[in-house]
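So this block is upload_13.txt, compact mmCIF, C-alpha atoms:
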```txt
# COMPACT_ATOMS: atom_id res chain seq x y z
CA ASP A 1 -29.78 58.87 9.22
CA VAL A 2 -32.10 61.75 10.04
CA TYR A 3 -34.92 59.81 8.37
CA LYS A 4 -34.40 56.94 10.79
CA ARG A 5 -33.57 58.95 13.92
CA GLN A 6 -36.27 61.64 13.85
CA ILE A 7 -39.69 62.49 12.45
CA CYS A 8 -40.03 66.12 11.34
CA ASP A 9 -43.04 68.17 10.27
CA GLU A 10 -43.17 70.76 7.47
CA ALA A 11 -42.08 73.46 9.91
CA GLY A 12 -38.92 71.54 10.72
CA GLN A 13 -40.04 70.52 14.21
CA CYS A 14 -38.61 67.07 14.94
CA VAL A 15 -39.08 64.35 17.50
CA ASP A 16 -37.15 61.13 17.95
CA GLY A 17 -38.55 58.24 15.94
CA ASP A 18 -38.66 56.55 12.53
CA ARG A 19 -41.23 55.59 9.93
CA ASN A 20 -41.49 51.82 10.19
CA ASN A 21 -43.52 51.45 13.36
CA HIS A 22 -46.37 49.26 12.05
CA PHE A 23 -47.08 46.47 9.58
CA ASP A 24 -48.41 49.07 7.13
CA GLU A 25 -45.05 50.88 7.25
CA ALA A 26 -42.87 47.75 7.05
CA VAL A 27 -39.70 48.22 5.01
CA LEU A 28 -39.04 45.63 2.28
CA VAL A 29 -35.98 43.44 2.90
CA GLY A 30 -34.64 40.72 0.61
CA ALA A 31 -31.96 38.05 0.60
CA GLY A 32 -28.50 39.59 0.97
CA ASP A 33 -29.81 42.95 2.20
CA GLU A 34 -28.16 44.78 5.11
CA LEU A 35 -30.31 47.60 6.46
CA ALA A 36 -29.27 50.00 9.23
CA GLY A 37 -31.89 50.72 11.87
CA TYR A 38 -32.35 52.57 15.15
CA ILE A 39 -34.30 51.66 18.25
CA ASN A 40 -35.34 55.24 18.86
CA PRO A 41 -37.00 56.37 21.07
CA ALA A 42 -37.07 53.88 23.97
CA GLY A 43 -39.70 51.23 23.32
CA ASP A 44 -39.43 51.59 19.53
CA VAL A 45 -40.24 48.52 17.38
CA ASP A 46 -39.12 48.46 13.73
CA TYR A 47 -41.12 46.53 11.10
CA TYR A 48 -39.85 44.81 7.94
CA ARG A 49 -41.53 42.68 5.27
CA ILE A 50 -40.35 39.72 3.20
CA LEU A 51 -41.92 38.61 -0.07
CA GLY A 52 -42.41 34.94 0.71
CA ASP A 53 -41.75 31.88 -1.39
CA PRO A 54 -42.80 28.31 -0.44
CA GLY A 55 -40.08 26.57 1.54
CA TRP A 56 -37.66 29.50 1.47
CA PHE A 57 -35.30 29.25 4.47
CA PHE A 58 -33.55 32.26 5.92
CA ARG A 59 -31.57 33.70 8.80
CA ALA A 60 -32.47 37.19 10.01
CA TYR A 61 -29.73 38.83 12.07
CA ALA A 62 -30.15 42.00 14.12
CA LEU A 63 -26.49 42.88 14.66
CA THR A 64 -25.07 45.56 16.97
CA ASP A 65 -21.61 47.12 17.01
CA ASP A 66 -20.77 45.51 20.34
CA PRO A 67 -22.97 42.49 21.16
CA SER A 68 -21.07 41.99 24.44
CA ASP A 69 -22.16 45.40 25.76
CA GLU A 70 -24.66 44.48 28.46
CA LEU A 71 -25.71 48.12 28.89
CA GLY A 72 -26.35 48.76 25.19
CA LEU A 73 -28.86 47.48 22.66
CA ASP A 74 -29.90 43.84 23.15
CA THR A 75 -31.82 42.94 20.00
CA VAL A 76 -34.83 40.63 19.65
CA VAL A 77 -36.21 39.52 16.28
CA ARG A 78 -39.85 38.41 15.90
CA PHE A 79 -41.44 36.68 12.92
CA TYR A 80 -45.07 37.17 11.81
CA ASP A 81 -47.08 35.36 9.15
CA ALA A 82 -49.18 36.98 6.43
CA ALA A 83 -52.07 37.36 8.89
CA GLN A 84 -49.72 39.39 11.13
CA THR A 85 -49.79 36.67 13.79
CA GLU A 86 -46.52 36.07 15.64
CA GLN A 87 -45.06 32.66 14.82
CA GLY A 88 -41.64 32.79 16.46
CA TYR A 89 -38.83 34.92 17.86
CA ASN A 90 -35.20 34.89 18.95
CA ASP A 91 -33.25 36.82 21.56
CA THR A 92 -29.94 35.00 21.37
CA PHE A 93 -28.45 31.51 21.16
CA GLU A 94 -26.12 31.51 24.14
CA ARG A 95 -24.68 28.10 23.26
CA LEU A 96 -23.81 29.38 19.77
CA SER A 97 -22.26 32.67 20.81
CA ASN A 98 -19.02 31.58 19.13
CA ILE A 99 -20.94 31.59 15.82
CA TYR A 100 -23.69 34.16 16.13
CA GLY A 101 -22.51 36.31 19.03
CA THR A 102 -25.14 37.42 21.52
CA ASP A 103 -27.21 39.33 18.98
CA ALA A 104 -30.55 37.99 17.81
CA VAL A 105 -30.62 35.62 14.83
CA TYR A 106 -33.93 34.13 13.81
CA MET A 107 -34.04 31.04 11.59
CA GLY A 108 -37.14 29.92 9.79
CA CYS A 109 -38.94 29.58 6.49
CA THR A 110 -41.65 31.37 4.54
CA PRO A 111 -44.51 28.91 3.99
CA GLY A 112 -45.96 30.46 0.84
CA ASP A 113 -45.81 33.36 -1.59
CA ASP A 114 -47.53 35.76 0.81
CA THR A 115 -45.82 38.73 2.46
CA VAL A 116 -44.50 37.91 5.94
CA PHE A 117 -42.97 40.23 8.53
CA LEU A 118 -40.03 40.69 10.88
CA THR A 119 -39.70 43.12 13.75
CA VAL A 120 -36.63 44.28 15.67
CA GLU A 121 -36.79 45.63 19.21
CA ASP A 122 -34.74 45.87 22.38
CA TYR A 123 -35.02 43.07 24.93
CA GLY A 124 -36.45 45.55 27.45
CA THR A 125 -39.35 46.23 25.07
CA PHE A 126 -39.74 42.50 24.50
CA THR A 127 -40.36 41.98 28.22
CA GLY A 128 -43.33 44.36 28.09
CA ASP A 129 -42.13 46.20 31.22
CA PRO A 130 -42.01 49.96 30.47
CA GLY A 131 -39.39 50.33 33.19
CA GLN A 132 -36.99 48.26 31.08
CA PHE A 133 -37.58 49.97 27.72
CA GLU A 134 -34.32 51.05 26.08
CA GLY A 135 -33.59 53.19 23.03
CA GLY A 136 -32.11 56.39 21.67
CA GLN A 137 -30.25 57.86 18.72
CA ASP A 138 -27.18 55.72 19.44
CA TYR A 139 -29.12 52.43 19.66
CA ILE A 140 -28.07 51.29 16.20
CA TYR A 141 -28.37 47.85 14.64
CA THR A 142 -28.02 46.26 11.19
CA LEU A 143 -30.70 43.89 9.92
CA VAL A 144 -29.17 41.21 7.70
CA LEU A 145 -31.30 38.72 5.76
CA GLN A 146 -29.43 35.62 4.59
CA GLU A 147 -30.76 32.75 2.51
CA PHE A 148 -29.85 29.20 3.51
CA ASP A 149 -27.36 27.58 1.15
CA ALA A 150 -28.73 24.82 -1.08
CA GLY A 151 -26.87 22.16 0.93
CA GLU A 152 -28.54 23.31 4.15
CA VAL A 153 -32.05 22.48 2.92
CA GLU A 154 -33.51 19.05 2.16
CA ASP A 155 -34.04 18.11 -1.47
CA GLU A 156 -37.14 16.04 -2.20
CA PRO A 157 -37.64 13.18 -2.57
CA ASN A 158 -35.82 12.08 0.55
CA ASP A 159 -38.34 9.67 2.00
CA ASP A 160 -36.13 6.59 2.32
CA ALA A 161 -32.49 5.56 2.70
CA ALA A 162 -31.94 5.43 -1.07
CA SER A 163 -32.96 9.09 -1.52
CA ALA A 164 -31.83 10.47 1.85
CA ALA A 165 -30.43 13.99 1.82
CA PRO A 166 -26.75 14.20 2.87
CA ALA A 167 -26.41 15.90 6.25
CA GLY A 168 -22.99 17.15 5.19
CA ILE A 169 -21.22 16.87 8.55
CA ASP A 170 -17.66 16.90 7.23
CA ALA A 171 -15.81 18.08 10.36
CA TYR A 172 -16.03 17.39 14.08
CA ASN A 173 -16.99 19.97 16.70
CA VAL A 174 -18.35 22.23 13.95
CA SER A 175 -21.94 23.50 13.82
CA TYR A 176 -24.34 22.91 10.94
CA ASP A 177 -27.93 24.05 10.34
CA ARG A 178 -30.33 21.97 8.27
CA GLY A 179 -33.89 22.81 7.27
CA GLY A 180 -36.77 21.01 5.63
CA VAL A 181 -40.53 20.95 5.14
CA ILE A 182 -42.94 18.12 5.96
CA SER A 183 -44.83 19.09 2.87
CA ALA A 184 -47.82 16.75 3.02
CA PRO A 185 -49.59 14.53 5.58
CA GLY A 186 -47.47 11.44 6.16
CA ASP A 187 -44.33 12.95 4.60
CA VAL A 188 -40.98 12.10 6.21
CA ASP A 189 -37.51 13.51 5.54
CA LEU A 190 -34.47 11.23 5.81
CA TRP A 191 -30.97 12.60 6.27
CA GLN A 192 -27.81 10.53 5.88
CA VAL A 193 -24.90 10.93 8.30
CA ALA A 194 -21.42 9.51 7.68
CA LEU A 195 -19.20 9.58 10.78
CA GLU A 196 -16.43 7.42 12.21
CA PRO A 197 -17.10 4.78 14.87
CA GLY A 198 -16.73 6.24 18.35
CA ALA A 199 -18.04 9.65 17.30
CA ARG A 200 -21.25 11.06 18.75
CA LEU A 201 -23.96 12.64 16.62
CA ARG A 202 -25.74 15.56 18.29
CA ILE A 203 -29.03 17.03 17.04
CA TYR A 204 -30.76 20.06 18.57
CA GLY A 205 -33.96 21.90 17.75
CA TYR A 206 -34.26 25.68 17.51
CA GLU A 207 -36.92 26.86 19.93
CA ASN A 208 -39.49 29.43 18.84
CA THR A 209 -38.89 28.76 15.15
CA ALA A 210 -41.90 29.49 12.96
CA THR A 211 -43.52 26.17 12.13
CA GLU A 212 -46.75 24.28 12.58
CA ILE A 213 -44.90 20.99 12.90
CA ASP A 214 -45.17 18.78 15.97
CA SER A 215 -41.79 17.31 15.25
CA ARG A 216 -40.41 13.84 15.85
CA VAL A 217 -36.80 12.90 15.09
CA ARG A 218 -35.98 9.21 14.84
CA VAL A 219 -32.37 8.07 14.64
CA LEU A 220 -32.29 5.01 12.39
CA ASP A 221 -30.00 2.05 11.96
CA VAL A 222 -27.59 1.65 9.07
CA ASP A 223 -30.38 0.11 6.96
CA GLY A 224 -32.45 3.29 7.28
CA LEU A 225 -35.31 1.28 8.79
CA GLY A 226 -34.69 0.12 12.36
CA GLU A 227 -35.13 2.71 15.10
CA VAL A 228 -32.17 3.40 17.39
CA ALA A 229 -33.70 6.31 19.34
CA SER A 230 -36.67 8.68 19.08
CA TYR A 231 -37.10 12.29 20.24
CA ASP A 232 -40.13 14.57 20.25
CA ASN A 233 -39.76 18.35 19.90
CA LEU A 234 -35.99 18.63 20.22
CA SER A 235 -34.67 21.85 21.77
CA TRP A 236 -31.46 23.15 23.31
CA GLU A 237 -32.38 21.38 26.54
CA LEU A 238 -33.51 18.14 24.85
CA GLU A 239 -30.85 16.98 22.42
CA ALA A 240 -30.34 13.79 20.48
CA ALA A 241 -26.94 12.39 21.44
CA VAL A 242 -26.30 9.14 19.63
CA PRO A 243 -23.08 7.08 19.55
CA VAL A 244 -21.81 6.02 16.13
CA LEU A 245 -20.95 2.31 16.25
CA PHE A 246 -20.27 1.33 12.65
CA ASP A 247 -18.12 2.55 9.79
CA VAL A 248 -21.11 2.91 7.45
CA PRO A 249 -23.66 5.74 7.10
CA MET A 250 -26.55 6.03 9.52
CA TYR A 251 -29.77 8.02 9.13
CA PHE A 252 -32.18 10.21 10.99
CA GLU A 253 -35.80 10.86 10.04
CA VAL A 254 -37.90 13.97 10.64
CA SER A 255 -41.70 13.82 10.65
CA ASP A 256 -44.81 15.30 12.19
CA ARG A 257 -45.76 12.87 14.94
CA ALA A 258 -49.48 13.53 14.37
CA GLY A 259 -49.05 12.72 10.68
CA ASN A 260 -49.85 16.26 9.53
CA GLY A 261 -48.04 18.20 6.83
CA GLY A 262 -48.10 21.21 4.54
CA ASP A 263 -46.00 24.15 3.36
CA ASP A 264 -46.18 25.64 6.87
CA HIS A 265 -44.65 22.52 8.49
CA CYS A 266 -41.01 23.54 8.32
CA TYR A 267 -38.21 22.77 10.76
CA VAL A 268 -34.63 23.87 11.39
CA LEU A 269 -32.23 21.52 13.18
CA HIS A 270 -28.73 22.16 14.49
CA LEU A 271 -26.22 19.34 13.95
CA ALA A 272 -22.76 18.66 15.34
CA ALA A 273 -20.52 15.67 16.06
CA ASP A 274 -17.95 14.89 18.75
CA ASN A 275 -14.61 13.40 17.77
CA PRO A 276 -14.14 9.61 17.98
CA GLY A 277 -12.63 8.90 21.38
CA GLU A 278 -13.48 12.33 22.74
CA LEU A 279 -16.20 10.87 24.95
CA TYR A 280 -15.95 7.12 24.29
CA TRP A 281 -14.91 4.46 21.81
CA ALA A 282 -17.23 2.17 19.88
CA GLU A 283 -17.60 -1.46 20.89
CA GLY A 284 -16.19 -4.13 18.59
CA GLU A 285 -18.00 -7.44 18.23
CA PRO A 286 -17.60 -10.26 19.05
CA ASN A 287 -17.20 -9.62 22.76
CA ASP A 288 -19.66 -12.13 24.17
CA ASP A 289 -17.52 -14.14 26.58
CA THR A 290 -14.46 -13.95 28.78
CA PHE A 291 -12.07 -14.94 25.99
CA SER A 292 -13.38 -12.31 23.55
CA ALA A 293 -13.85 -9.55 26.13
CA GLU A 294 -12.84 -6.25 24.57
CA PRO A 295 -10.07 -4.17 26.23
CA LEU A 296 -11.48 -0.81 27.29
CA GLN A 297 -9.80 2.31 25.92
CA THR A 298 -9.57 5.66 27.64
CA SER A 299 -11.41 8.68 26.28
CA GLU A 300 -9.81 12.10 25.92
CA GLY A 301 -11.01 12.73 29.47
CA GLY A 302 -8.81 9.90 30.71
CA ILE A 303 -11.59 7.51 31.71
CA TYR A 304 -12.49 4.10 30.36
CA ALA A 305 -15.54 4.70 28.19
CA VAL A 306 -17.27 2.68 25.49
CA ALA A 307 -20.52 2.95 23.54
CA GLY A 308 -22.20 -0.25 22.47
CA ARG A 309 -25.47 -1.92 21.61
CA ILE A 310 -27.24 -5.06 22.78
CA ALA A 311 -28.21 -6.73 19.53
CA PRO A 312 -29.50 -9.21 18.57
CA VAL A 313 -31.75 -10.43 21.36
CA GLY A 314 -29.69 -12.30 23.94
CA ASP A 315 -26.47 -10.42 23.16
CA VAL A 316 -23.98 -9.86 25.99
CA ASP A 317 -21.10 -7.37 25.79
CA ARG A 318 -18.00 -8.01 27.91
CA TYR A 319 -15.07 -5.67 28.48
CA VAL A 320 -11.80 -5.96 30.36
CA PHE A 321 -9.61 -3.33 32.00
CA LEU A 322 -6.54 -3.31 34.22
CA ALA A 323 -6.78 -2.17 37.82
CA THR A 324 -4.61 -2.24 40.94
CA ALA A 325 -5.65 -3.48 44.35
CA GLY A 326 -6.76 -0.59 46.54
CA GLU A 327 -7.99 1.53 43.63
CA ALA A 328 -11.50 2.88 43.70
CA VAL A 329 -13.69 2.19 40.67
CA SER A 330 -16.96 3.85 39.65
CA VAL A 331 -19.30 2.31 37.08
CA MET A 332 -21.83 4.38 35.15
CA LEU A 333 -24.27 3.21 32.51
CA GLU A 334 -25.46 6.25 30.61
CA ALA A 335 -28.71 5.72 28.73
CA ARG A 336 -30.97 8.73 29.09
CA VAL A 337 -29.01 11.33 27.09
CA ASP A 338 -28.55 8.87 24.24
CA GLY A 339 -32.27 8.14 23.91
CA SER A 340 -31.78 4.45 24.64
CA GLN A 341 -34.67 2.29 25.81
CA LEU A 342 -32.37 -0.49 26.95
CA ALA A 343 -33.32 -2.08 30.28
CA ALA A 344 -29.85 -3.30 31.15
CA HIS A 345 -28.13 -5.62 33.56
CA VAL A 346 -24.59 -4.58 34.56
CA ARG A 347 -22.05 -6.80 36.30
CA LEU A 348 -18.51 -6.07 37.51
CA ILE A 349 -16.43 -9.24 37.83
CA ALA A 350 -13.09 -9.69 39.59
CA PRO A 351 -10.16 -11.64 38.04
CA ASP A 352 -11.09 -14.67 40.17
CA LEU A 353 -14.63 -14.41 38.67
CA GLU A 354 -16.11 -13.12 41.92
CA GLU A 355 -19.12 -10.94 41.11
CA LEU A 356 -18.49 -7.53 42.69
CA VAL A 357 -21.52 -5.72 41.29
CA SER A 358 -24.80 -6.97 39.85
CA MET A 359 -27.50 -4.42 39.10
CA ASP A 360 -30.57 -3.92 36.95
CA VAL A 361 -31.00 -0.56 35.22
CA PRO A 362 -34.54 0.43 34.14
CA ALA A 363 -34.96 1.73 30.60
CA GLY A 364 -33.96 5.36 30.15
CA GLU A 365 -32.19 5.67 33.53
CA ASP A 366 -28.56 6.20 34.50
CA VAL A 367 -26.82 4.11 37.13
CA PHE A 368 -23.74 5.11 39.07
CA VAL A 369 -21.73 2.95 41.47
CA GLU A 370 -19.59 5.18 43.63
CA GLU A 371 -16.15 4.40 44.99
CA LEU A 372 -16.03 0.63 44.90
CA THR A 373 -12.56 -0.27 46.29
CA LEU A 374 -10.91 -3.19 44.54
CA GLU A 375 -9.19 -5.83 46.63
CA GLN A 376 -7.32 -7.51 43.74
```
Re-express the file's structure as structure tokens.
Amino acid sequence: DVYKRQICDEAGQCVDGDRNNHFDEAVLVGAGDELAGYINPAGDVDYYRILGDPGWFFRAYALTDDPSDELGLDTVVRFYDAAQTEQGYNDTFERLSNIYGTDAVYMGCTPGDDTVFLTVEDYGTFTGDPGQFEGGQDYIYTLVLQEFDAGEVEDEPNDDAASAAPAGIDAYNVSYDRGGVISAPGDVDLWQVALEPGARLRIYGYENTATEIDSRVRVLDVDGLGEVASYDNLSWELEAAVPVLFDVPMYFEVSDRAGNGGDDHCYVLHLAADNPGELYWAEGEPNDDTFSAEPLQTSEGGIYAVAGRIAPVGDVDRYVFLATAGEAVSVMLEARVDGSQLAAHVRLIAPDLEELVSMDVPAGEDVFVEELTLEQ
């Protein structure tokens, strides 16, 4: 403890500080290690080194005794390559606080067999504002380095549907991390997802993760070829949210949209799935005319909600629901969050076949009809 809290000379005169304040003093940390550290004095930055291995994926946690303590240590982890150039960082994943707390957890990969580096500091130091620097002998953290499990990392070859890596989503409303490397120009990684109709697949990207990839994620049809939706540079703000319509596996593909690749083109994605019926139910064909119109079912939120697809060309989907005269009805076509490029036409038809609503919806837009009062 004294070694990490203070620096003393031969005469026994000590000042607050430690001995890992630069790349040259970086402490070696390996998979499974848990090292105690101190942000001491205020503004202190602690350096660690990892002996890299191509395509080795890891989580680096900087854990505090009480991550909810807003007045205490708020850790930030930074990642540097062998040239000591910063490649990424993490402060916290607020949307994953139920998993990782509010402490920093950095996820990434080592691109080669060179030595790479991590640093730990307080958020006040991270801001660069000396007035916000925090630290002291009680600013204690534990650095934990954890290797991704084998099932969390793609296994080559996985370039087509036949060799696709299993995404391994085996429970709903549970979080999963998956990593891979676009190892050569033109390489693509396919992942297979098996979910029930009416579920929703969600894919996020981790911001500030060390990678040279300019990522593109394409959600593919059940044949692993046709494109359902496409997303560039997914993040926590831009998510893939794709309805599952069929009781057979579907696929998503990860690539570099510029066609580049190499050991430094790694990615980490966060996957989850909503329960069937939680948000909507899946359409059931045929439902092309009045006689085959599909009865709408209510979601867990108590609203009529269905996810469907217009295919093949010329397809029409019809649904029926019960209503009472005097009730107000709202109609919403949600396309944007699901990545759809459908330019739709939506009609609401009364029992006597009177057309109550007829509207065109441009591709990628949402439409909302507010408080239409039914007369029959």
Problem - Distance in Å - atom CA of A:Glu375 versus atom CA of A:Val357 - result: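 For atom CA of A:Glu375 relative to atom CA of A:Val357, the distance reads 13.4 Å.
Ranking A:Ala36, A:Ala311, A:Val244, A:Leu372 by their shortest atom-to-atom distance to A:Ala282, with all atoms listed in the file included, puts A:Val244 first.
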With a cut-off of 9 Å, could you pull out the residues of stretch 257-307 of chain A touching stretch 39-58 of chain A and give me the nearest pair of atoms for each, distance in Å to one decimal, using all atoms listed in the file, ordered by chain and ascending number, as a Markdown table?
```
| residue | atom | partner | partner_atom | distance |
| --- | --- | --- | --- | --- |
| A:Asp263 | CA | A:Pro54 | CA | 6.5 |
| A:Asp264 | CA | A:Gly55 | CA | 8.2 |
| A:Cys266 | CA | A:Gly55 | CA | 7.5 |
| A:Val268 | CA | A:Phe57 | CA | 8.8 |
```
Exercise for the section: Would you mind listing what lies within 10 Å of A:Ile213 as an MDAnalysis selection string, with all atoms listed in the file counted and same-chain residues fewer than 6 positions away left out? Expected result: chainID A and resid 181:182 233 255:262 264:267
Exercise for the section: In Å, rounded to a single decimal, give me how far atom CA of A:Ala83 is from atom CA of A:Thr127. Expected result: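 Between these atoms lies a distance of 23.1 Å.
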Practice task
Quick one: everything within 12 Å of A:Thr119, counting all atoms listed in the file, minus sequence neighbours fewer than 2 positions away in the same chain. Send it as JSON, numbers by chain.
Solution key: {"A": [20, 21, 22, 23, 25, 26, 27, 28, 29, 37, 39, 44, 45, 46, 47, 48, 49, 50, 60, 61, 62, 75, 76, 77, 78, 79, 80, 81, 84, 85, 86, 87, 88, 89, 90, 91, 104, 105, 106, 116, 117, 121, 122, 125, 126, 143]}
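Atom CA of A:Gln297 to atom CA of A:Leu238 spans 28.5 Å [interatomic distance, one decimal].
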Exercise for the section: Excluding stretch 303-305 of chain A and any residue of its chain fewer than 5 positions from it, enumerate the residues within 12 Å of it, using all atoms listed in the file, and give them as JSON, numbers by chain. Expected result: {"A": [198, 243, 276, 277, 278, 279, 280, 281, 282, 283, 294, 295, 296, 297, 298, 319, 320, 321, 322, 323, 329, 330, 331, 332, 333, 334]}
Problem - Best match for closeness to A:Cys109 among A:Glu152, A:Ala171, A:Phe93, A:Gly180, counting all atoms listed in the file - result: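 Of the candidates, the smallest distance to A:Cys109 is held by A:Gly180.
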Practice task
Write out as a ChimeraX atom specification the residues lying within 8 Å of A:Ala344, counting all atoms listed in the file and excluding same-chain residues fewer than 5 positions away.
Solution key: /A:360-363
Residue contacts of A:Pro157 (12 Å, all atoms listed in the file) excluding same-chain residues fewer than 2 positions away, as a JSON list (two decimals) with C-alpha atoms, in the coordinates of the input:
```json
[["chain", "number", "residue", "atom", "x", "y", "z"],
["A", 154, "GLU", "CA", -33.51, 19.05, 2.16],
["A", 155, "ASP", "CA", -34.04, 18.11, -1.47],
["A", 159, "ASP", "CA", -38.34, 9.67, 2.00],
["A", 160, "ASP", "CA", -36.13, 6.59, 2.32],
["A", 161, "ALA", "CA", -32.49, 5.56, 2.70],
["A", 162, "ALA", "CA", -31.94, 5.43, -1.07],
["A", 163, "SER", "CA", -32.96, 9.09, -1.52],
["A", 164, "ALA", "CA", -31.83, 10.47, 1.85],
["A", 165, "ALA", "CA", -30.43, 13.99, 1.82],
["A", 180, "GLY", "CA", -36.77, 21.01, 5.63],
["A", 181, "VAL", "CA", -40.53, 20.95, 5.14],
["A", 182, "ILE", "CA", -42.94, 18.12, 5.96],
["A", 183, "SER", "CA", -44.83, 19.09, 2.87],
["A", 187, "ASP", "CA", -44.33, 12.95, 4.60],
["A", 188, "VAL", "CA", -40.98, 12.10, 6.21],
["A", 189, "ASP", "CA", -37.51, 13.51, 5.54],
["A", 190, "LEU", "CA", -34.47, 11.23, 5.81],
["A", 191, "TRP", "CA", -30.97, 12.60, 6.27]]
```
Problem - Nearest to A:Val144 by atom-to-atom distance, counting all atoms listed in the file, from A:Leu342, A:Leu63, A:Ala82, A:Ala184 - result: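 Comparing A:Leu342, A:Leu63, A:Ala82, A:Ala184 against A:Val144, the winner is A:Leu63.
When only C-alpha atoms are used to measure the gap to A:Arg216, the shortest distance among A:Glu253, A:Glu239, A:Asp66, A:Asp177 belongs to A:Glu253.
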Problem - Shortest interatomic distance to A:Gly224 - which of A:Val346, A:Val120, A:Ala199, A:Val193, counting all atoms listed in the file - result: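 Of A:Val346, A:Val120, A:Ala199, A:Val193, the one nearest A:Gly224, counting all atoms listed in the file, is A:Val193.
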